[in-house]
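Report on one structure; see the data block that follows.
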Amino acid sequence: MEWSVTRHSSIAFNYIKYRSVIAIHRSLDSGVTNAKRTPDFLLAAGALAVLGAIVRAIWFTPIEARQGAAQKIFYVHVPSAFIALYVAFALLAVSSALYLWLRDVRLDRMAESAAEVGLVFISVTLVTGPLWGKPIWGTWWTWDARLTSTLFLWFLVLGYLLLRASHEDHATRARYSAVLGLLTAILIPFIHLTVYLFRTLHPQPIVLKPSAPSLPPEMLTTLLVSLAAYLVLFVGLLRARYRYATERDALPGGTGPA
Amino acid sequence: MTPDTSGYAVAAYVAAVLIYGGYVVALWRRRQALARRPAPHPAGPRAVRDDS
């Protein structure tokens with residue numbers, strides 16, 4: 001009985017692993033093969049969507065009564081932060097974990113691409129935040145838990161990219177950076193909870209919370225439009241960055257085709 | 001009375017456009033630089049024999 005149970009579990013595990021590998025390979029292959037055939041329509045669509053979201057935020061969304069026009073920074077600050085933390089760095093963690101399991105070079109490229117594009121998004125968050133904080137809080141920066149942990153995350157991801165650049169051996173580089181990528185993601189739930197755990201100047205979430213969003217419907221619509229637009233931009237940038245990594249690795253001295 | 005804080009909003013949007021736009025340009029330039037490098041071996045780098 002022991003034998004049959006163990007054998008059955010092993011077959012089930014191998015089947016799940018096999019199906020997962022096939023699904024991952026298909027998704028990674030579709031991104032590259034399609035990208036090679038077509039220009040970056042997705043990136044252009046993302047840029048146009050973001051432009052549309054900016055126009056909507058500036059000209060077609062009411063001005064908040066107490067903060068004035070500075071509140072409109074919300075529509076670029078929040079989507080950038082949301083996508084960096086919950087999409088880009090989550091993807092970095094998942095790709096890193098899967099790389100450590102499957103050792104597929106394409107997962108390493110996906111982690112590298114997600115980290116770099118995520119760094120761009122979190123940089124926008126860190127630049128727009130102080131520009132919003134100055135007129136509302138009266139200071140550009142404060143060392144509270146939310147701001148400090150986000151800055152720490154920025155340095156961690158920068159360190160991740162520097163680690164990648166410092167290793168010649170591809171396998172070692174991929175393994176070390178996968179571990180660091182996975183560890184970086186541990187900070188994300190902590191950053192989310194900082195506004196609840198500590199007394200911070202940064203406000204608590206007004207949309208991503210258990211109760212209903214506490215902002216007028218016009219503002220909520222603009223936020224959701226912006227979120228969708230920045231998500232398209234993120235996918236476009238990620239695809240372009242992944243495509244670059246694939247082309248680079250195909251050159252002599254690269255990791256070679258997967 | 002609603003304060004005039006439009007300067008901060010404009011600065012934030014300009015900064016965001018510059019960062020995102022700058023990254024798109026940087027990525028495009030990196031791909032252009034890659035295209036100028038020698039073409040890969042048709043069978044891939046791992047398949048090339050090293051007799052040195």
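Chain labels run A, B, ... following the order of the structure tokens; each chain numbers its residues from 1, and ligands are numbered from 1 in the order shown.
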Pull out every residue of chain A that has at least one atom within 6 Å of chain B, counting only C-alpha atoms, and report them as a VMD selection string.
chain A and resid 65 to 66 68 to 70 73 124 128 131 251 to 252 256
Distance of atom CA of Ala212 of chain A from atom CA of Val78 of chain A, expressed in Å to one decimal place:
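Between these atoms lies a distance of 17.1 Å.
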